[in-house]
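Listing of start10.txt; format and content: compact mmCIF, C-alpha atoms.
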```
# COMPACT_ATOMS: atom_id res chain seq x y z
CA GLU E 1 -8.24 -5.61 -7.08
CA SER E 2 -6.26 -4.15 -9.98
CA LYS E 3 -4.90 -6.34 -12.73
CA GLY E 4 -1.47 -7.79 -12.08
CA SER E 5 -1.57 -7.19 -8.33
CA LYS E 6 -2.05 -10.74 -7.06
CA GLU E 7 0.15 -11.48 -4.06
CA SER E 8 1.51 -14.67 -2.55
CA ASP E 9 0.28 -15.81 0.87
CA GLU E 10 3.56 -14.69 2.45
CA GLU E 11 3.29 -11.25 0.83
CA VAL E 12 -0.27 -10.91 2.11
CA ARG E 13 0.83 -11.84 5.65
CA ALA E 14 3.73 -9.39 5.49
CA ARG E 15 1.50 -6.61 4.17
CA THR E 16 -1.04 -7.31 6.93
CA ARG E 17 1.69 -6.93 9.55
CA ASP E 18 2.78 -3.66 7.95
CA VAL E 19 -0.80 -2.36 7.91
CA GLU E 20 -1.33 -3.16 11.58
CA LYS E 21 1.90 -1.36 12.44
CA LEU E 22 0.79 1.70 10.48
CA ARG E 23 -2.59 1.74 12.18
CA ALA E 24 -0.94 1.68 15.59
CA ASP E 25 1.88 4.09 14.78
CA THR E 26 1.63 7.56 16.26
CA THR E 27 5.32 8.42 16.02
CA GLY E 28 5.50 9.27 12.33
CA TRP E 29 3.76 12.63 12.55
CA LEU E 30 5.78 15.26 10.73
CA ARG E 31 5.97 17.89 13.44
CA GLU E 32 7.95 20.42 11.41
CA ARG E 33 5.09 21.81 9.35
CA ILE E 34 5.54 23.94 6.26
CA PRO E 35 6.52 27.41 7.49
CA ARG E 36 3.68 29.91 7.52
CA MET E 37 5.95 32.50 5.91
CA ILE E 38 5.86 30.61 2.59
CA GLU E 39 2.17 29.71 2.69
CA SER E 40 1.12 32.53 0.35
CA GLU E 41 3.82 31.54 -2.13
CA ARG E 42 2.55 27.96 -2.09
CA VAL E 43 -1.02 29.08 -2.76
CA THR E 44 0.15 31.34 -5.58
CA ALA E 45 2.05 28.41 -7.08
CA SER E 46 -1.07 26.23 -6.87
CA TRP E 47 -3.06 28.71 -8.94
CA ALA E 48 -0.18 29.15 -11.37
CA PHE E 49 -0.17 25.40 -11.87
CA PHE E 50 -3.94 25.31 -12.38
CA ARG E 51 -3.77 28.07 -14.98
CA SER E 52 -0.79 26.40 -16.69
CA ILE E 53 -2.93 23.36 -17.50
CA GLY E 54 -5.75 25.53 -18.83
CA SER E 55 -7.87 25.94 -15.67
CA PRO E 56 -9.77 22.72 -16.51
CA LYS E 57 -13.51 22.73 -15.86
CA ARG E 58 -14.53 19.22 -17.02
CA MET E 59 -12.48 16.37 -15.62
CA VAL E 60 -12.56 12.63 -16.16
CA ALA E 61 -12.50 10.97 -12.73
CA PRO E 62 -10.16 8.10 -11.84
CA MET E 63 -11.93 4.78 -12.41
CA VAL E 64 -10.24 1.40 -11.95
CA ASN E 65 -10.34 -0.62 -15.19
CA GLN E 66 -12.14 2.26 -16.93
CA SER E 67 -10.20 5.52 -17.18
CA GLU E 68 -7.35 4.06 -19.19
CA LEU E 69 -5.75 5.69 -22.22
CA PRO E 70 -8.34 4.86 -24.93
CA PHE E 71 -11.22 6.04 -22.73
CA ARG E 72 -9.37 9.19 -21.69
CA MET E 73 -8.71 10.07 -25.33
CA LEU E 74 -12.36 9.46 -26.22
CA CYS E 75 -13.45 11.79 -23.43
CA ARG E 76 -10.99 14.44 -24.58
CA LYS E 77 -12.45 14.20 -28.07
CA TYR E 78 -15.88 15.07 -26.70
CA GLY E 79 -14.92 17.96 -24.47
CA SER E 80 -13.07 16.84 -21.36
CA ASP E 81 -10.13 19.12 -20.63
CA CYS E 82 -8.31 17.01 -18.01
CA ALA E 83 -8.24 13.35 -17.01
CA TYR E 84 -7.09 11.08 -14.23
CA THR E 85 -5.63 7.61 -14.69
CA PRO E 86 -7.12 4.67 -12.83
CA MET E 87 -5.87 4.31 -9.28
CA TYR E 88 -2.58 2.44 -8.99
CA HIS E 89 -1.26 0.90 -5.79
CA SER E 90 1.98 2.75 -5.05
CA ARG E 91 3.78 -0.17 -3.39
CA ILE E 92 3.10 -2.54 -6.29
CA PHE E 93 3.83 0.16 -8.88
CA ALA E 94 7.17 0.96 -7.27
CA LEU E 95 8.31 -2.65 -6.95
CA ARG E 96 6.87 -4.52 -9.95
CA GLU E 97 7.77 -3.64 -13.50
CA SER E 98 4.99 -5.84 -14.88
CA TYR E 99 2.40 -3.86 -12.91
CA ARG E 100 3.77 -0.57 -14.22
CA GLU E 101 2.96 -1.69 -17.75
CA GLN E 102 -0.69 -0.88 -17.00
CA PHE E 103 0.18 2.81 -17.19
CA THR E 104 0.23 4.06 -20.77
CA THR E 105 -0.04 7.52 -22.21
CA VAL E 106 0.72 9.57 -25.33
CA PRO E 107 1.73 13.23 -25.77
CA GLU E 108 -1.88 14.18 -26.59
CA ASP E 109 -3.07 12.73 -23.27
CA ARG E 110 -2.64 15.97 -21.32
CA PRO E 111 -3.35 17.46 -18.87
CA LEU E 112 -3.04 14.17 -17.00
CA PHE E 113 -3.14 13.36 -13.29
CA VAL E 114 -1.76 9.96 -12.26
CA GLN E 115 -3.50 8.65 -9.16
CA PHE E 116 -1.94 6.43 -6.52
CA CYS E 117 -3.14 4.92 -3.28
CA GLY E 118 -0.80 3.92 -0.51
CA ASN E 119 0.28 4.36 3.09
CA GLU E 120 4.10 4.46 2.87
CA PRO E 121 5.60 7.87 2.01
CA ASP E 122 8.87 6.50 0.60
CA LEU E 123 7.20 4.02 -1.72
CA LEU E 124 4.57 6.57 -2.74
CA LEU E 125 7.36 8.96 -3.72
CA GLN E 126 9.22 6.20 -5.53
CA ALA E 127 6.11 5.34 -7.57
CA ALA E 128 5.37 8.99 -8.28
CA GLU E 129 8.88 9.65 -9.54
CA LEU E 130 8.42 6.89 -12.13
CA VAL E 131 5.60 8.83 -13.83
CA ALA E 132 6.52 12.45 -13.07
CA ASP E 133 7.90 13.13 -16.54
CA ARG E 134 4.72 11.83 -18.21
CA CYS E 135 2.02 13.69 -16.29
CA ASP E 136 1.07 17.10 -14.95
CA ALA E 137 0.37 16.07 -11.35
CA VAL E 138 0.33 13.07 -9.06
CA ASP E 139 -2.89 12.54 -7.12
CA LEU E 140 -3.28 10.74 -3.79
CA ASN E 141 -6.46 8.71 -3.46
CA LEU E 142 -7.98 9.47 -0.05
CA GLY E 143 -11.55 8.65 -1.02
CA CYS E 144 -11.86 4.99 -2.02
CA PRO E 145 -14.59 3.48 0.22
CA GLN E 146 -14.37 -0.13 -0.94
CA GLY E 147 -13.58 -3.13 1.23
CA ILE E 148 -10.24 -3.71 -0.46
CA ALA E 149 -9.19 -0.22 0.67
CA ARG E 150 -10.09 -1.12 4.25
CA THR E 151 -8.03 -4.32 4.02
CA GLY E 152 -5.08 -2.59 2.39
CA TYR E 153 -5.36 0.49 4.59
CA TYR E 154 -5.59 3.20 1.96
CA GLY E 155 -8.13 5.53 0.40
CA SER E 156 -10.82 6.81 2.76
CA TYR E 157 -9.66 4.42 5.49
CA LEU E 158 -6.68 6.66 6.18
CA GLN E 159 -8.85 9.60 7.19
CA GLU E 160 -8.70 8.69 10.88
CA ASN E 161 -4.91 8.97 10.69
CA PRO E 162 -4.18 12.62 9.78
CA ARG E 163 -0.57 12.23 10.85
CA LEU E 164 0.06 9.66 8.15
CA ILE E 165 -1.92 11.58 5.53
CA TYR E 166 0.05 14.74 6.26
CA ASN E 167 3.30 12.86 5.85
CA LEU E 168 2.20 11.31 2.54
CA VAL E 169 1.18 14.63 1.00
CA SER E 170 4.09 16.58 2.45
CA CYS E 171 6.59 13.99 1.22
CA LEU E 172 5.41 14.46 -2.37
CA TYR E 173 5.13 18.23 -2.02
CA ARG E 174 8.69 18.57 -0.77
CA GLN E 175 10.41 16.12 -3.10
CA LEU E 176 8.40 15.54 -6.28
CA ARG E 177 9.01 17.75 -9.31
CA VAL E 178 5.32 17.93 -10.28
CA PRO E 179 2.45 19.09 -8.01
CA VAL E 180 0.64 16.75 -5.66
CA THR E 181 -3.17 16.79 -5.58
CA VAL E 182 -5.67 14.87 -3.45
CA LYS E 183 -9.13 13.40 -3.85
CA ILE E 184 -11.23 13.05 -0.69
CA ARG E 185 -14.75 12.32 0.53
CA LEU E 186 -16.84 14.29 2.98
CA LEU E 187 -16.50 13.30 6.60
CA ASP E 188 -19.64 12.83 8.68
CA ASP E 189 -19.20 16.30 10.19
CA LEU E 190 -18.83 19.29 7.85
CA ASP E 191 -16.59 21.25 10.21
CA GLU E 192 -14.30 18.22 10.48
CA THR E 193 -14.27 17.98 6.70
CA ILE E 194 -13.17 21.60 6.42
CA ARG E 195 -10.40 21.09 8.98
CA TYR E 196 -9.31 17.96 7.10
CA ALA E 197 -9.20 19.80 3.77
CA ARG E 198 -7.26 22.70 5.29
CA MET E 199 -4.72 20.24 6.68
CA LEU E 200 -4.24 18.81 3.18
CA GLU E 201 -3.78 22.30 1.80
CA GLU E 202 -1.20 23.01 4.50
CA ALA E 203 0.62 19.78 3.73
CA GLY E 204 1.15 20.95 0.16
CA ALA E 205 -1.82 19.79 -1.93
CA ALA E 206 -2.04 22.03 -5.01
CA LEU E 207 -5.65 21.01 -5.70
CA VAL E 208 -8.35 19.25 -3.68
CA ALA E 209 -11.08 17.21 -5.39
CA VAL E 210 -14.05 16.60 -3.11
CA HIS E 211 -16.54 13.78 -3.58
CA GLY E 212 -19.78 15.02 -2.05
CA ARG E 213 -20.57 11.78 -0.23
CA THR E 214 -19.22 10.16 2.91
CA ARG E 215 -17.32 6.88 3.10
CA ASP E 216 -20.49 5.02 4.07
CA GLN E 217 -22.45 6.39 1.11
CA LYS E 218 -21.59 3.76 -1.47
CA GLY E 219 -23.37 1.16 -3.56
CA HIS E 220 -27.13 1.15 -3.01
CA GLN E 221 -26.70 3.51 -0.05
CA SER E 222 -24.98 6.24 -2.04
CA GLY E 223 -27.75 8.83 -2.38
CA ARG E 224 -27.08 12.18 -4.03
CA ALA E 225 -23.79 13.98 -3.60
CA ASP E 226 -24.06 17.08 -1.41
CA TRP E 227 -22.80 19.90 -3.64
CA ALA E 228 -23.66 22.54 -1.02
CA LYS E 229 -21.11 20.98 1.35
CA ILE E 230 -18.52 21.01 -1.41
CA ARG E 231 -19.22 24.75 -1.74
CA ARG E 232 -18.43 25.17 1.97
CA VAL E 233 -15.11 23.37 1.51
CA LYS E 234 -14.35 25.55 -1.52
CA GLU E 235 -15.05 28.69 0.49
CA ALA E 236 -12.65 27.55 3.21
CA LEU E 237 -9.68 26.71 0.99
CA ARG E 238 -7.24 28.89 -0.91
CA VAL E 239 -6.19 26.33 -3.55
CA PRO E 240 -8.38 25.12 -6.46
CA VAL E 241 -11.24 22.78 -5.54
CA ILE E 242 -12.92 20.29 -7.88
CA ALA E 243 -16.46 18.99 -7.26
CA ASN E 244 -17.20 15.28 -7.74
CA GLY E 245 -20.33 13.18 -7.38
CA SER E 246 -23.79 12.95 -8.99
CA VAL E 247 -22.70 14.44 -12.32
CA GLU E 248 -24.61 11.81 -14.26
CA VAL E 249 -26.28 13.65 -17.16
CA PHE E 250 -25.50 16.84 -19.06
CA GLU E 251 -27.97 18.93 -17.05
CA ASP E 252 -26.07 18.06 -13.88
CA VAL E 253 -23.08 20.03 -15.12
CA SER E 254 -24.72 23.44 -14.80
CA ASP E 255 -26.47 22.44 -11.55
CA CYS E 256 -23.19 21.31 -9.99
CA ASP E 257 -21.45 24.46 -11.22
CA HIS E 258 -24.12 26.55 -9.52
CA ASP E 259 -24.49 24.62 -6.26
CA ALA E 260 -20.87 23.68 -5.59
CA ALA E 261 -19.31 26.84 -7.06
CA ALA E 262 -16.06 24.92 -7.42
CA ASP E 263 -13.25 25.63 -9.84
CA GLY E 264 -14.15 22.59 -11.92
CA LEU E 265 -16.05 19.34 -11.75
CA MET E 266 -15.43 15.71 -12.55
CA SER E 267 -17.65 12.87 -13.63
CA ALA E 268 -17.11 9.14 -13.23
CA SER E 269 -19.84 6.57 -13.86
CA GLY E 270 -21.98 9.08 -15.75
CA LEU E 271 -19.38 9.06 -18.53
CA LEU E 272 -19.81 5.31 -18.97
CA ARG E 273 -23.49 5.49 -19.87
```

Before we go any further, please render this structure as structure tokens.
Amino acid sequence: ESKGSKESDEEVRARTRDVEKLRADTTGWLRERIPRMIESERVTASWAFFRSIGSPKRMVAPMVNQSELPFRMLCRKYGSDCAYTPMYHSRIFALRESYREQFTTVPEDRPLFVQFCGNEPDLLLQAAELVADRCDAVDLNLGCPQGIARTGYYGSYLQENPRLIYNLVSCLYRQLRVPVTVKIRLLDDLDETIRYARMLEEAGAALVAVHGRTRDQKGHQSGRADWAKIRRVKEALRVPVIANGSVEVFEDVSDCDHDAAADGLMSASGLLR
């Protein structure tokens, strides 16, 4: 749980009711999809955005309680060319000023992606608007595999609800003044993963970061990330794709570049060693 996010018993009960409603809801699917006639323009804009921030190749991954401003600046000093903030909970960020104080940045801290988790489009947009003038993109966390994400119904535990995910991404794409990006994990089936990634692209994601492990591959069961599957996702998409997972030592950088053939890569725990 992030710092400053402790809730009262009544808030927990209310949030639990909201989560159960979201899990059962099948009426919120945004049926009016982005018109095909503007799809090529959207893809062109995604690449223009990527080039505008220097086509970053070495990214600092979002890490709760780790990828904060001092660590991001240290990584930039030693060669990182883009960084993510830690994940913030969009509902808490939107509603609590004290929680928002966790987000700090300076002009030199760019390019910067601010990452949020959440399951409510309006509150996600509200949180994103609070940081839009201090970042280059807002990222939606669709990959967190931890138990707290299951309880709070966010991260990788949304992946069985594509209707909601589409609405979250599309809401930011249509209304936020900076691009929306997403970070996902592989699904158990590669073809399903590709369909999932294409749906995110269609919803308006300007960049897709892919962690080469499934939701169940965590902790002692993590194993190596599958860069070859990331390559397949990259080949299927038209927007920039970033490879994530198993970039632990310097030699992994060239191996991941070769095997994943993505537009960039990101490292998380390897940067902490």

Please, what distance in Å, to one decimal, runs between atom CA of Gln217 of chain E and atom CA of Glu160 of chain E?
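Between atom CA of Gln217 of chain E and atom CA of Glu160 of chain E the gap is 17.0 Å.
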
Residues of segment 85-190 of chain E at most 9 Å from segment 224-246 of chain E: nearest atom pair and distance in Å, only C-alpha atoms, as a Markdown table:
```
| residue | atom | partner | partner_atom | distance |
| --- | --- | --- | --- | --- |
| E:Lys183 | CA | E:Ile242 | CA | 8.8 |
| E:Leu186 | CA | E:Lys229 | CA | 8.1 |
| E:Leu190 | CA | E:Lys229 | CA | 7.1 |
```

Could you name the residues that touch segment 99-116 of chain E at 10 Å or less, counting all atoms listed in the file, but leaving out those on the same chain fewer than 4 positions away, as a PyMOL selection string?
chain E and resi 2-5+52-54+56+59-63+65+68-70+72-73+76+81-95+124+127-128+130-132+134-142+154-155+179-183

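One distance worth recording is that between atom CA of Arg58 of chain E and atom CA of Leu271 of chain E, which is 11.4 Å.
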
Nearest to Gln159 of chain E, chosen from E:Asn119, E:Leu125, E:Arg174, E:Ala268, with all atoms listed in the file counted in the distances
E:Asn119

Distance of atom CA of Met266 of chain E from atom CA of His211 of chain E, expressed in Å to one decimal place:
9.2 Å

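Residues in contact range of segment 39-43 of chain E, defined as at most 10 Å between only C-alpha atoms, with sequence neighbours fewer than 4 positions away removed, read Ile34, Pro35, Trp47, Ala48, Phe49, Glu201, Glu202, Gly204, Ala205, Ala206, Leu207, Leu237, Arg238, Val239 and Pro240 of chain E.
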
Using all atoms listed in the file, pick whichever of E:Glu120, E:Asp216, E:Glu248, E:Asp263 has the shortest atom-to-atom distance to Val169 of chain E.
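Ranked by minimum distance to Val169 of chain E, first place goes to E:Glu120.
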
Near-Ala203 of chain E list (10 Å; all atoms listed in the file; drop same-chain fewer than 4 positions) as a PyMOL selection string
chain E and resi 30+33-34+165-174+180+197-199

Kindly provide, as AutoDock Vina command-line options, the centre and edge lengths (Å, one decimal) of an axis-aligned box around all atoms of segment 231-240 of chain E given in the file, with 6 Å on each side.
```
--center_x -12.7 --center_y 26.1 --center_z -1.6 --size_x 25.0 --size_y 17.5 --size_z 21.7
```
